[in-house]
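Pasting my_file.csv here (CSV, C-alpha atoms):
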chain,number,residue,atom,x,y,z
V,15,MET,CA,-1.2,17.7,-5.1
V,16,THR,CA,2.2,16.5,-4.0
V,17,SER,CA,4.9,14.5,-5.8
V,18,GLU,CA,6.4,13.3,-2.6
V,19,PRO,CA,4.8,10.8,-0.2
V,20,PRO,CA,4.5,11.9,3.4
V,21,LEU,CA,7.5,10.3,5.1
V,22,PRO,CA,7.0,9.3,8.7
V,23,ASP,CA,9.0,11.4,11.1
V,24,ASP,CA,11.5,9.9,13.5
V,25,SER,CA,8.7,9.0,16.0
V,26,ALA,CA,7.1,6.9,13.2
V,27,ALA,CA,10.4,5.1,12.6
V,28,PRO,CA,11.8,4.3,16.1
V,29,SER,CA,13.7,1.4,14.8
V,30,GLU,CA,16.5,3.8,13.7
V,31,ARG,CA,17.1,4.9,17.2
V,32,THR,CA,16.7,1.6,19.0
V,33,GLY,CA,18.8,-0.7,16.9
V,34,GLU,CA,16.3,-2.1,14.4
V,35,VAL,CA,13.5,-3.1,16.7
V,36,VAL,CA,10.6,-1.2,18.3
V,37,ASP,CA,10.1,-2.0,22.0
V,38,LEU,CA,6.9,-3.0,23.7
V,39,PRO,CA,6.0,-1.9,27.3
V,40,SER,CA,5.5,-5.4,28.7
V,41,ALA,CA,6.2,-8.8,27.3
V,42,THR,CA,3.1,-10.4,28.9
V,43,ARG,CA,0.8,-7.7,27.6
V,44,ALA,CA,2.4,-7.6,24.2
V,45,THR,CA,-0.4,-9.3,22.3
V,46,ASP,CA,-3.2,-7.3,23.9
V,47,ILE,CA,-1.4,-4.0,23.3
V,48,ALA,CA,-0.6,-4.9,19.7
V,49,LEU,CA,-4.3,-6.0,19.1
V,50,ASP,CA,-5.6,-2.7,20.5
V,51,GLU,CA,-3.3,-0.8,18.2
V,52,LEU,CA,-4.2,-3.0,15.3
V,53,GLU,CA,-7.9,-2.2,15.9
V,54,LEU,CA,-7.0,1.4,15.0
V,55,VAL,CA,-5.0,0.1,12.0
V,56,TYR,CA,-8.0,-2.0,10.9
V,57,ALA,CA,-10.4,1.0,11.0
V,58,PHE,CA,-7.8,3.1,9.1
V,59,ILE,CA,-7.5,0.5,6.4
V,60,TYR,CA,-11.2,-0.2,6.2
V,61,ALA,CA,-12.0,3.5,5.7
V,62,ARG,CA,-9.8,3.3,2.6
V,63,VAL,CA,-10.7,0.0,1.0
V,64,GLY,CA,-14.4,-0.1,2.0
V,65,ASN,CA,-14.8,-3.8,2.5
V,66,ARG,CA,-14.1,-6.2,5.4
V,67,ALA,CA,-12.3,-9.0,3.5
V,68,ASP,CA,-9.6,-6.7,2.1
V,69,ALA,CA,-9.3,-4.8,5.4
V,70,GLU,CA,-8.7,-8.0,7.3
V,71,ASP,CA,-6.1,-9.3,4.9
V,72,LEU,CA,-4.2,-6.0,4.9
V,73,THR,CA,-4.4,-5.7,8.7
V,74,GLN,CA,-2.9,-9.2,9.0
V,75,GLN,CA,-0.1,-8.2,6.6
V,76,VAL,CA,0.6,-5.1,8.8
V,77,ALA,CA,0.7,-7.4,11.9
V,78,LEU,CA,3.0,-9.9,10.3
V,79,LYS,CA,5.4,-7.3,9.0
V,80,ALA,CA,5.6,-5.2,12.1
V,81,PHE,CA,5.2,-7.6,15.0
V,82,PRO,CA,8.5,-9.4,14.6
V,83,ARG,CA,10.2,-6.1,15.1
V,84,LEU,CA,8.4,-5.2,18.4
V,85,ARG,CA,10.1,-5.8,21.7
V,86,GLU,CA,9.7,-4.8,25.4
V,87,GLY,CA,10.4,-1.3,26.5
V,88,SER,CA,9.2,1.6,24.4
V,89,PRO,CA,6.1,3.9,24.6
V,90,PRO,CA,2.9,3.0,22.8
V,91,SER,CA,3.2,6.1,20.6
V,92,ALA,CA,6.3,4.5,19.0
V,93,ILE,CA,4.5,1.3,18.4
V,94,ARG,CA,1.6,3.2,16.9
V,95,GLY,CA,3.9,5.2,14.6
V,96,TYR,CA,5.6,2.0,13.5
V,97,LEU,CA,2.3,0.2,12.8
V,98,PHE,CA,0.9,3.1,10.8
V,99,ALA,CA,4.1,3.5,8.8
V,100,THR,CA,3.7,-0.2,7.9
V,101,ALA,CA,0.0,0.3,7.2
V,102,ARG,CA,0.8,3.1,4.7
V,103,SER,CA,3.3,0.9,3.0
V,104,VAL,CA,0.8,-2.0,2.8
V,105,LEU,CA,-2.0,0.2,1.5
V,106,GLY,CA,0.3,1.6,-1.1
V,107,ALA,CA,1.2,-1.9,-2.3
V,108,PHE,CA,-2.5,-2.9,-2.3
V,109,TRP,CA,-3.5,-0.1,-4.6
V,110,SER,CA,-0.4,-0.5,-6.7
V,111,THR,CA,-1.2,-4.2,-7.3
V,112,ARG,CA,-4.9,-3.8,-7.8
V,113,LEU,CA,-4.7,-0.9,-10.1
V,114,GLY,CA,-1.5,-2.0,-11.9
V,115,LEU,CA,0.3,1.3,-11.1
V,116,SER,CA,3.7,1.9,-9.8
V,117,THR,CA,4.0,3.2,-6.2
V,118,ALA,CA,5.6,6.3,-7.7
V,119,GLU,CA,2.5,7.0,-9.7
V,120,LEU,CA,0.3,6.4,-6.7
V,121,HIS,CA,2.4,8.8,-4.6
V,122,GLU,CA,1.7,11.5,-7.1
V,123,ASP,CA,-2.0,11.0,-6.7
V,124,LEU,CA,-3.8,13.0,-4.0
V,125,ALA,CA,-6.7,10.6,-4.0
V,126,LEU,CA,-4.4,7.8,-2.9
V,127,ALA,CA,-2.4,9.8,-0.4
V,128,VAL,CA,-2.5,8.2,3.1
V,129,PRO,CA,-2.1,10.2,6.3
V,130,ARG,CA,0.4,9.3,9.0
V,131,GLY,CA,-1.9,8.4,11.9
V,132,PRO,CA,-5.3,7.1,12.9
V,133,ASP,CA,-8.4,8.9,11.6
V,134,SER,CA,-9.9,11.3,14.1
V,135,ASP,CA,-13.4,10.5,13.0
V,136,GLU,CA,-15.7,7.7,11.8
V,137,PRO,CA,-16.3,6.8,8.2
V,138,VAL,CA,-19.8,8.2,8.3
V,139,GLU,CA,-18.5,11.6,9.4
V,140,ARG,CA,-15.8,11.5,6.8
V,141,ALA,CA,-18.4,10.6,4.1
V,142,GLY,CA,-20.4,13.6,5.3
V,143,ARG,CA,-17.5,15.9,4.8
V,144,ILE,CA,-16.9,14.5,1.3
V,145,LEU,CA,-20.5,14.9,0.3
V,146,ALA,CA,-20.6,18.4,1.8
V,147,GLY,CA,-18.1,19.5,-0.8
V,148,LEU,CA,-20.2,18.4,-3.8
V,149,SER,CA,-23.0,20.1,-5.8
V,150,ASP,CA,-26.6,19.2,-4.9
V,151,ASN,CA,-27.2,16.6,-7.6
V,152,TYR,CA,-23.8,14.9,-7.0
V,153,ARG,CA,-24.4,14.8,-3.3
V,154,ARG,CA,-27.9,13.4,-3.7
V,155,VAL,CA,-26.9,10.6,-5.9
V,156,LEU,CA,-24.0,9.5,-3.7
V,157,GLU,CA,-26.1,9.9,-0.5
V,158,LEU,CA,-28.8,7.7,-1.9
V,159,ARG,CA,-26.4,5.1,-3.2
V,160,PHE,CA,-23.8,4.9,-0.4
V,161,LEU,CA,-25.6,6.1,2.8
V,162,HIS,CA,-29.1,4.8,2.1
V,163,GLY,CA,-28.1,1.8,0.0
V,164,TYR,CA,-30.5,2.5,-2.9
V,165,SER,CA,-30.1,0.6,-6.2
V,166,LEU,CA,-29.5,2.5,-9.4
V,167,LYS,CA,-33.2,2.0,-10.3
V,168,GLU,CA,-34.4,3.4,-7.0
V,169,VAL,CA,-32.1,6.4,-7.3
V,170,ALA,CA,-33.4,7.0,-10.8
V,171,ALA,CA,-37.0,6.9,-9.6
V,172,GLU,CA,-36.2,9.2,-6.6
V,173,MET,CA,-34.5,11.7,-8.9
V,174,ARG,CA,-37.0,11.3,-11.7
V,175,SER,CA,-34.3,10.3,-14.1
V,176,THR,CA,-33.1,7.3,-16.0
V,177,VAL,CA,-30.8,4.5,-14.9
V,178,GLY,CA,-28.3,5.4,-17.6
V,179,ALA,CA,-28.3,9.0,-16.6
V,180,VAL,CA,-27.9,8.2,-13.0
V,181,LYS,CA,-25.0,5.9,-13.8
V,182,VAL,CA,-23.2,8.7,-15.6
V,183,MET,CA,-24.0,11.1,-12.8
V,184,GLN,CA,-22.6,8.6,-10.2
V,185,LEU,CA,-19.3,8.4,-12.1
V,186,ARG,CA,-19.0,12.2,-12.3
V,187,ALA,CA,-20.0,12.6,-8.7
V,188,LEU,CA,-17.3,10.1,-7.6
V,189,ARG,CA,-14.7,11.8,-9.7
V,190,ALA,CA,-15.6,15.1,-8.0
V,191,ALA,CA,-15.7,13.4,-4.5
V,192,ALA,CA,-12.1,12.2,-5.1
V,193,LYS,CA,-11.0,15.8,-5.3
V,194,VAL,CA,-12.3,16.6,-1.8
V,195,ASP,CA,-9.3,16.1,0.5
V,196,VAL,CA,-10.8,14.9,3.8
V,197,ASP,CA,-7.3,14.2,5.2
V,198,ALA,CA,-6.1,17.8,4.8
X,1,MET,CA,-16.0,-3.7,-27.0
X,2,PRO,CA,-14.4,-1.7,-24.1
X,3,GLU,CA,-16.4,-1.3,-21.0
X,4,GLN,CA,-17.9,2.2,-20.6
X,5,PRO,CA,-16.4,4.1,-17.6
X,6,GLU,CA,-19.8,4.5,-16.0
X,7,ASN,CA,-20.4,0.7,-16.2
X,8,ARG,CA,-16.9,0.0,-15.0
X,9,VAL,CA,-17.4,2.1,-11.9
X,10,GLU,CA,-21.0,0.9,-11.3
X,11,ARG,CA,-19.7,-2.7,-11.3
X,12,ILE,CA,-17.2,-1.8,-8.6
X,13,VAL,CA,-19.7,0.3,-6.6
X,14,ASN,CA,-22.1,-2.6,-6.7
X,15,ASP,CA,-19.5,-5.0,-5.3
X,16,LEU,CA,-18.5,-2.6,-2.6
X,17,LEU,CA,-22.1,-2.1,-1.5
X,18,ARG,CA,-22.6,-5.8,-1.3
X,19,GLY,CA,-19.5,-6.1,1.0
X,20,ARG,CA,-17.4,-7.8,-1.6
X,21,ARG,CA,-13.7,-7.4,-2.1
X,22,LEU,CA,-12.3,-4.9,-4.6
X,23,LYS,CA,-11.9,-6.9,-7.8
X,24,LEU,CA,-10.3,-4.7,-10.4
X,25,ARG,CA,-9.7,-5.5,-14.1
X,26,ALA,CA,-7.3,-4.3,-16.6
X,27,GLY,CA,-8.1,-0.7,-17.4
X,28,ASP,CA,-9.8,0.1,-14.2
X,29,ALA,CA,-6.9,2.3,-13.2
X,30,GLU,CA,-8.3,4.9,-15.6
X,31,GLU,CA,-11.0,5.5,-13.0
X,32,LYS,CA,-8.8,5.2,-10.0
X,33,GLU,CA,-10.0,8.5,-8.5
X,34,ALA,CA,-13.6,7.4,-8.7
X,35,ILE,CA,-12.8,3.9,-7.4
X,36,THR,CA,-10.9,5.1,-4.4
X,37,ALA,CA,-13.7,7.7,-3.6
X,38,ALA,CA,-16.2,4.8,-3.9
X,39,ALA,CA,-14.2,2.7,-1.5
X,40,ARG,CA,-14.2,5.5,1.1
X,41,LEU,CA,-17.9,6.1,0.8
X,42,ALA,CA,-18.6,2.4,0.9
X,43,ALA,CA,-16.8,2.4,4.3
X,44,ALA,CA,-19.5,4.7,5.6
X,45,HIS,CA,-22.2,2.4,4.3
X,46,GLY,CA,-21.5,-0.1,7.1
X,47,GLY,CA,-21.2,2.5,9.9
X,48,PRO,CA,-18.3,2.4,12.4
X,49,GLN,CA,-16.0,-0.5,11.8
X,50,ARG,CA,-14.3,-2.7,14.4
X,51,MET,CA,-12.6,-6.0,13.9
X,52,SER,CA,-15.0,-8.9,14.2
X,53,PRO,CA,-14.4,-11.1,17.3
X,54,ALA,CA,-13.4,-14.0,15.0
X,55,PHE,CA,-10.8,-11.9,13.2
X,56,ARG,CA,-9.4,-10.5,16.4
X,57,ARG,CA,-9.0,-14.1,17.8
X,58,ARG,CA,-7.4,-15.2,14.5
X,59,LEU,CA,-5.0,-12.2,14.7
X,60,ALA,CA,-4.2,-12.9,18.3
X,61,GLN,CA,-3.2,-16.5,17.4
X,62,THR,CA,-1.1,-15.2,14.6
X,63,LEU,CA,0.7,-12.7,16.9
X,64,GLU,CA,1.2,-15.3,19.6
X,65,SER,CA,2.8,-17.8,17.2
X,66,ALA,CA,5.0,-15.1,15.6
X,67,PRO,CA,8.6,-14.9,17.0
X,68,ARG,CA,9.4,-11.6,18.7
X,69,ASP,CA,12.8,-10.0,19.5
X,70,SER,CA,14.0,-11.2,16.2
X,71,TRP,CA,14.3,-10.1,12.7
X,72,ILE,CA,12.7,-10.9,9.4
X,73,THR,CA,15.8,-10.5,7.2
X,74,ARG,CA,15.7,-8.5,4.1
X,75,ARG,CA,16.3,-11.7,2.1
X,76,ALA,CA,13.5,-13.4,3.9
X,77,ALA,CA,11.2,-10.5,3.2
X,78,LEU,CA,12.1,-10.7,-0.5
X,79,VAL,CA,11.6,-14.5,-0.5
X,80,ALA,CA,8.2,-14.0,1.2
X,81,GLY,CA,7.3,-11.2,-1.2
X,82,LEU,CA,6.7,-8.8,1.7
X,83,GLY,CA,6.5,-5.2,0.6
X,84,VAL,CA,6.0,-6.2,-3.0
X,85,ALA,CA,2.8,-8.2,-3.3
X,86,ALA,CA,-0.3,-7.0,-1.6
X,87,GLY,CA,-2.2,-10.1,-2.5
X,88,ALA,CA,-4.0,-12.3,0.0
X,89,LEU,CA,-1.9,-13.6,2.8
X,90,ALA,CA,-3.4,-16.9,4.0
X,91,GLY,CA,-1.9,-16.5,7.5
X,92,GLY,CA,1.0,-17.8,9.5
X,93,VAL,CA,4.5,-16.4,9.5
X,94,VAL,CA,6.2,-16.4,6.1
X,95,GLY,CA,9.8,-16.5,5.5
X,96,THR,CA,12.8,-17.5,7.6
X,97,ILE,CA,13.4,-15.7,10.9
X,98,GLU,CA,16.9,-15.0,11.9
X,99,PRO,CA,17.7,-15.1,15.6
X,100,SER,CA,19.9,-12.1,15.6
X,101,PRO,CA,20.0,-8.7,13.9
X,102,PRO,CA,21.7,-8.7,10.5
X,103,GLN,CA,25.0,-7.1,10.1
X,104,LEU,CA,25.3,-3.9,8.1
X,105,SER,CA,27.3,-4.8,5.0
X,106,GLY,CA,27.4,-4.4,1.3
X,107,SER,CA,24.7,-6.2,-0.5
X,108,GLY,CA,25.5,-8.6,-3.4
X,109,PRO,CA,23.5,-9.3,-6.5
X,110,ILE,CA,20.2,-11.2,-6.3
X,111,ASN,CA,20.6,-14.7,-7.8
X,112,PRO,CA,17.2,-16.3,-7.7
X,113,ARG,CA,17.2,-20.1,-7.6
X,114,LYS,CA,16.2,-21.1,-11.1
X,115,GLY,CA,16.4,-17.5,-12.1
X,116,VAL,CA,14.7,-16.5,-15.3
X,117,TRP,CA,15.7,-13.6,-17.6
X,118,THR,CA,12.4,-11.6,-17.9
X,119,ASP,CA,11.6,-9.1,-20.6
X,120,VAL,CA,10.6,-5.8,-18.9
X,121,GLY,CA,10.2,-3.6,-21.9
X,122,ALA,CA,11.9,-1.9,-24.8
X,123,LEU,CA,15.1,0.0,-24.1
X,124,ALA,CA,13.4,3.1,-25.7
X,125,ASP,CA,10.9,3.0,-22.8
X,126,PHE,CA,13.6,3.7,-20.3
X,127,ASP,CA,14.6,7.3,-19.8
X,128,GLU,CA,18.2,8.3,-19.2
X,129,GLY,CA,18.8,9.0,-15.5
X,130,ARG,CA,15.3,8.1,-14.4
X,131,GLY,CA,14.6,5.0,-12.3
X,132,LYS,CA,11.8,2.8,-13.7
X,133,LEU,CA,10.1,0.2,-11.5
X,134,VAL,CA,9.8,-3.2,-13.1
X,135,HIS,CA,8.7,-6.7,-11.9
X,136,ALA,CA,10.4,-9.9,-12.9
X,137,GLY,CA,8.3,-12.5,-11.2
X,138,ALA,CA,8.9,-12.1,-7.4
X,139,VAL,CA,11.8,-9.7,-8.0
X,140,SER,CA,11.0,-6.0,-8.2
X,141,ALA,CA,13.7,-3.7,-9.3
X,142,PHE,CA,14.5,-0.1,-10.4
X,143,VAL,CA,16.2,-0.2,-13.8
X,144,PHE,CA,18.4,2.7,-14.9
X,145,ARG,CA,19.5,3.3,-18.4
X,146,ARG,CA,22.9,4.8,-19.3
X,147,GLY,CA,23.1,5.0,-23.1
X,148,GLU,CA,22.7,1.5,-24.4
X,149,ALA,CA,23.6,-0.1,-21.0
X,150,VAL,CA,21.2,-0.8,-18.1
X,151,SER,CA,21.7,-1.4,-14.4
X,152,ALA,CA,19.2,-2.3,-11.7
X,153,VAL,CA,18.9,-2.4,-8.0
X,154,SER,CA,16.3,-4.0,-5.7
X,155,ALA,CA,13.1,-2.0,-5.2
X,156,ILE,CA,12.9,-3.1,-1.6
X,157,CYS,CA,14.5,-0.9,1.1
X,158,SER,CA,17.6,-2.5,2.7
X,159,HIS,CA,16.2,-1.8,6.1
X,160,LEU,CA,12.4,-2.0,6.3
X,161,PRO,CA,10.5,-4.3,3.9
X,162,CYS,CA,8.9,-1.4,2.0
X,163,GLU,CA,8.8,-0.8,-1.7
X,164,LEU,CA,10.9,2.2,-2.7
X,165,TRP,CA,9.7,5.0,-5.1
X,166,TRP,CA,11.6,7.2,-7.5
X,167,ASP,CA,12.0,10.7,-6.3
X,168,GLY,CA,12.6,12.5,-9.5
X,169,GLU,CA,13.3,15.9,-7.9
X,170,GLN,CA,16.3,14.4,-6.0
X,171,SER,CA,17.1,11.7,-8.5
X,172,LEU,CA,17.1,9.2,-5.6
X,173,LEU,CA,15.2,6.2,-4.6
X,174,ALA,CA,13.1,7.0,-1.5
X,175,CYS,CA,11.7,4.7,1.2
X,176,PRO,CA,8.1,5.5,2.1
X,177,CYS,CA,8.5,4.0,5.5
X,178,HIS,CA,11.3,6.1,7.0
X,179,PRO,CA,13.5,8.9,5.9
X,180,VAL,CA,16.1,7.0,3.9
X,181,TRP,CA,17.2,7.5,0.3
X,182,PHE,CA,19.4,5.5,-2.1
X,183,THR,CA,21.4,6.5,-5.2
X,184,PRO,CA,20.7,4.7,-8.5
X,185,GLU,CA,23.8,2.6,-7.6
X,186,GLY,CA,22.0,1.5,-4.5
X,187,LYS,CA,24.2,3.4,-2.0
X,188,PRO,CA,22.4,4.7,1.0
X,189,LYS,CA,22.1,8.4,1.7
X,190,SER,CA,20.9,8.7,5.3
X,191,LYS,CA,22.2,9.8,8.7
X,192,TYR,CA,22.0,6.2,9.9
X,193,PRO,CA,24.3,3.4,8.9
X,194,MET,CA,22.5,1.3,6.3
X,195,PRO,CA,23.3,-1.6,4.0
X,196,SER,CA,23.3,-0.9,0.2
X,197,LEU,CA,20.5,-2.1,-1.9
X,198,ASN,CA,20.9,-5.5,-3.5
X,199,GLU,CA,22.0,-5.4,-7.1
X,200,VAL,CA,19.6,-7.0,-9.6
X,201,LYS,CA,21.1,-8.4,-12.8
X,202,ALA,CA,19.9,-6.6,-15.9
X,203,ARG,CA,20.9,-6.6,-19.5
X,204,THR,CA,19.9,-5.4,-23.0
X,205,THR,CA,19.3,-7.8,-25.9
X,206,ALA,CA,20.4,-7.5,-29.5
X,207,ASP,CA,16.9,-6.3,-30.4
X,208,GLU,CA,17.0,-3.5,-27.8
X,209,ARG,CA,14.9,-5.1,-25.2
X,210,VAL,CA,15.6,-4.9,-21.5
X,211,GLU,CA,15.7,-8.1,-19.4
X,212,VAL,CA,16.0,-8.6,-15.6
X,213,LEU,CA,17.0,-11.7,-13.8
X,214,GLY,CA,13.9,-12.7,-11.9
X,215,THR,CA,11.9,-15.7,-11.0
Represent the structure contained in this file as structure tokens.
Amino acid sequence: MTSEPPLPDDSAAPSERTGEVVDLPSATRATDIALDELELVYAFIYARVGNRADAEDLTQQVALKAFPRLREGSPPSAIRGYLFATARSVLGAFWSTRLGLSTAELHEDLALAVPRGPDSDEPVERAGRILAGLSDNYRRVLELRFLHGYSLKEVAAEMRSTVGAVKVMQLRALRAAAKVDVDA
Amino acid sequence: MPEQPENRVERIVNDLLRGRRLKLRAGDAEEKEAITAAARLAAAHGGPQRMSPAFRRRLAQTLESAPRDSWITRRAALVAGLGVAAGALAGGVVGTIEPSPPQLSGSGPINPRKGVWTDVGALADFDEGRGKLVHAGAVSAFVFRRGEAVSAVSAICSHLPCELWWDGEQSLLACPCHPVWFTPEGKPKSKYPMPSLNEVKARTTADERVEVLGT
């Protein structure tokens, strides 16, 4: 648990060194390069909001915020750092608005902490690591629901339980899953 | 009758597994850990995610129509609500684009056109020496209490359009997007030359309420 959000390092905020704008390698390829980088941003955001519509809106926000500050000349790593710094800010505002919490409250919450760069693995692998940190019953209910797409009723039948009990177990399993820090 | 936590979370899980947007209601924040865990697991439900060709085309059009080598001014960002609202953006470039970089200079008070004094809470809810984030329409601000008086500064960084957070350990406002801090008076504390934060007009009322001039 940390009370301070991870601040991007200098490479993530190149605008300080280059006079307020981040440079792009080639003007003619600017859009293609930005789109390739935004593909990573989209995957990063999708992995945290879990649905396409919100991921698209937030990726577009990142593009609109960051792109006017990009210009010819600087390495792709600087562009990526800038885009991910912007993505973190946009995600913070998203959760803040949806949950009605201040960003300060969000920053104090490990479950909402956002890493500085792209994820090194796919959502399925990340989910596997989350589930591996849970007890058998909790892992089973979340596997059936999220990986196999079972309804509550189907999970109850599979686990020889009731829908009500499975619903409560799902809540407890998700609370436990939130404590597994896959970004560590 | 209040919604039971397990029903609250099941509603959200059900939406996520059907590919719907996250629609949260008042009180859902109580289960924020479970909700964010559900969102992460739901991402795995659909397998590896890439932008759809249609969205990529739409994004390309947006980028190509966006001016480059230019600045969104801080004022434009505030007007556009960038860094504050995470609501849906319909598309297109919002705000006014300035052709040249802004000058570093002191920042005056925010005087919204048709400004409205907005109640942001009781004076007793504001702790001495601790910044509290408030929203007055499109204006977001950190309010500071000193005795019976209050002052406020914009909650948007004077450099990048990011919402600041209150760093209680340092008693400073910190920007999440780069290593820059501001005092409660809005003065920058960084190794780079930076403009101050805009002042936001705040006052207390006779019945000990705090009001901020917003929109």
Inset, instruction - Have a look at X:Glu128, X:Glu3, X:Glu30, X:Glu211 and name the one nearest to chain V; count only C-alpha atoms. - result: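 Using only C-alpha atoms, the shortest distance to chain V belongs to X:Glu30.
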Legend entry - Nearest to chain V, chosen from X:Ser158, X:Thr205, X:Asn7, X:Ser65, with only C-alpha atoms counted in the distances: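 Of X:Ser158, X:Thr205, X:Asn7, X:Ser65, the one nearest chain V, counting only C-alpha atoms, is X:Asn7.
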Inset, instruction - Check the smallest atom-to-atom distance from each of X:Phe55, X:Gly131, X:Gly147, X:Arg113 to X:Leu172 using only C-alpha atoms, then report the winner. - result: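 Of the candidates, the smallest distance to X:Leu172 is held by X:Gly131.
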Inset, instruction - Please provide as a VMD selection string all residues within 6 Å of stretch 143-147 of chain V, with the sequence filter that same-chain residues fewer than 3 positions apart are discarded (counting only C-alpha atoms). - result: chain V and resid 140 153 194
So that each row is one residue of chain V with an atom at most 7 Å from chain X, can you give its shortest atom pair and the distance in Å to one decimal, using all atoms listed in the file, rows by chain and rising number, as a Markdown table?
| residue | atom | partner | partner_atom | distance |
| --- | --- | --- | --- | --- |
| V:Pro19 | CA | X:Pro176 | CA | 6.7 |
| V:Leu21 | CA | X:Pro176 | CA | 5.7 |
| V:Pro22 | CA | X:His178 | CA | 5.6 |
| V:Ala27 | CA | X:His178 | CA | 5.8 |
| V:Thr45 | CA | X:Leu63 | CA | 6.5 |
| V:Leu49 | CA | X:Ala60 | CA | 6.9 |
| V:Glu53 | CA | X:Met51 | CA | 6.4 |
| V:Tyr56 | CA | X:Met51 | CA | 6.8 |
| V:Ala57 | CA | X:Gln49 | CA | 5.9 |
| V:Tyr60 | CA | X:Ala43 | CA | 6.5 |
| V:Ala61 | CA | X:Ala43 | CA | 5.1 |
| V:Arg62 | CA | X:Arg40 | CA | 5.1 |
| V:Val63 | CA | X:Ala39 | CA | 5.1 |
| V:Gly64 | CA | X:Ala43 | CA | 4.2 |
| V:Asn65 | CA | X:Gly19 | CA | 5.4 |
| V:Arg66 | CA | X:Gly19 | CA | 7.0 |
| V:Ala67 | CA | X:Arg21 | CA | 6.0 |
| V:Asp68 | CA | X:Arg21 | CA | 5.9 |
| V:Asp71 | CA | X:Ala88 | CA | 6.1 |
| V:Gln74 | CA | X:Leu59 | CA | 6.8 |
| V:Gln75 | CA | X:Leu89 | CA | 6.8 |
| V:Leu78 | CA | X:Val93 | CA | 6.7 |
| V:Phe81 | CA | X:Arg68 | CA | 6.9 |
| V:Pro82 | CA | X:Arg68 | CA | 4.7 |
| V:Arg83 | CA | X:Trp71 | CA | 6.2 |
| V:Leu84 | CA | X:Arg68 | CA | 6.5 |
| V:Arg85 | CA | X:Asp69 | CA | 5.5 |
| V:Ala99 | CA | X:Cys177 | CA | 5.5 |
| V:Thr100 | CA | X:Cys177 | CA | 6.8 |
| V:Ser103 | CA | X:Cys162 | CA | 6.1 |
| V:Val104 | CA | X:Ala86 | CA | 6.8 |
| V:Ala107 | CA | X:Ala86 | CA | 5.4 |
| V:Phe108 | CA | X:Ala86 | CA | 4.7 |
| V:Thr111 | CA | X:Ala86 | CA | 6.4 |
| V:Arg112 | CA | X:Leu24 | CA | 6.1 |
| V:Leu113 | CA | X:Ala29 | CA | 5.0 |
| V:Ser116 | CA | X:Leu133 | CA | 6.8 |
| V:Thr117 | CA | X:Trp165 | CA | 6.1 |
| V:Ala118 | CA | X:Trp165 | CA | 5.0 |
| V:Ala125 | CA | X:Glu33 | CA | 6.0 |
| V:Glu136 | CA | X:Pro48 | CA | 5.9 |
| V:Pro137 | CA | X:Ala44 | CA | 4.6 |
| V:Val138 | CA | X:Ala44 | CA | 4.4 |
| V:Ala141 | CA | X:Leu41 | CA | 5.6 |
| V:Phe160 | CA | X:His45 | CA | 5.6 |
| V:Leu161 | CA | X:His45 | CA | 5.2 |
| V:Lys181 | CA | X:Glu6 | CA | 5.8 |
| V:Val182 | CA | X:Glu6 | CA | 5.4 |
| V:Leu185 | CA | X:Glu6 | CA | 5.5 |
| V:Leu188 | CA | X:Ala34 | CA | 4.7 |
| V:Arg189 | CA | X:Ala34 | CA | 4.6 |
| V:Ala191 | CA | X:Ala37 | CA | 6.1 |
| V:Ala192 | CA | X:Ala37 | CA | 5.0 |
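Near X:Asp125, within 10 Å and counting all atoms listed in the file, sit Val120, Gly121, Ala122, Glu128, Lys132, Arg145, Arg209 and Val210 of chain X, not including residues fewer than 3 positions from it in the same chain.
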What's around stretch 195-202 of chain X at 8 Å? Count all atoms listed in the file, leave out sequence neighbours fewer than 4 positions away in its own chain, and write the answer as a PDB file with C-alpha atoms, in the frame of the given file.
ATOM      1  CA  LEU X 104      25.300  -3.900   8.100  1.00  0.00           C
ATOM      2  CA  SER X 105      27.300  -4.800   5.000  1.00  0.00           C
ATOM      3  CA  GLY X 106      27.400  -4.400   1.300  1.00  0.00           C
ATOM      4  CA  SER X 107      24.700  -6.200  -0.500  1.00  0.00           C
ATOM      5  CA  GLY X 108      25.500  -8.600  -3.400  1.00  0.00           C
ATOM      6  CA  PRO X 109      23.500  -9.300  -6.500  1.00  0.00           C
ATOM      7  CA  ILE X 110      20.200 -11.200  -6.300  1.00  0.00           C
ATOM      8  CA  ASN X 111      20.600 -14.700  -7.800  1.00  0.00           C
ATOM      9  CA  ALA X 141      13.700  -3.700  -9.300  1.00  0.00           C
ATOM     10  CA  VAL X 143      16.200  -0.200 -13.800  1.00  0.00           C
ATOM     11  CA  VAL X 150      21.200  -0.800 -18.100  1.00  0.00           C
ATOM     12  CA  SER X 151      21.700  -1.400 -14.400  1.00  0.00           C
ATOM     13  CA  ALA X 152      19.200  -2.300 -11.700  1.00  0.00           C
ATOM     14  CA  VAL X 153      18.900  -2.400  -8.000  1.00  0.00           C
ATOM     15  CA  SER X 154      16.300  -4.000  -5.700  1.00  0.00           C
ATOM     16  CA  ILE X 156      12.900  -3.100  -1.600  1.00  0.00           C
ATOM     17  CA  CYS X 157      14.500  -0.900   1.100  1.00  0.00           C
ATOM     18  CA  SER X 158      17.600  -2.500   2.700  1.00  0.00           C
ATOM     19  CA  HIS X 159      16.200  -1.800   6.100  1.00  0.00           C
ATOM     20  CA  PHE X 182      19.400   5.500  -2.100  1.00  0.00           C
ATOM     21  CA  GLY X 186      22.000   1.500  -4.500  1.00  0.00           C
ATOM     22  CA  LYS X 187      24.200   3.400  -2.000  1.00  0.00           C
ATOM     23  CA  PRO X 188      22.400   4.700   1.000  1.00  0.00           C
ATOM     24  CA  VAL X 210      15.600  -4.900 -21.500  1.00  0.00           C
ATOM     25  CA  GLU X 211      15.700  -8.100 -19.400  1.00  0.00           C
ATOM     26  CA  VAL X 212      16.000  -8.600 -15.600  1.00  0.00           C
ATOM     27  CA  LEU X 213      17.000 -11.700 -13.800  1.00  0.00           C
TER      28      LEU X 213
END
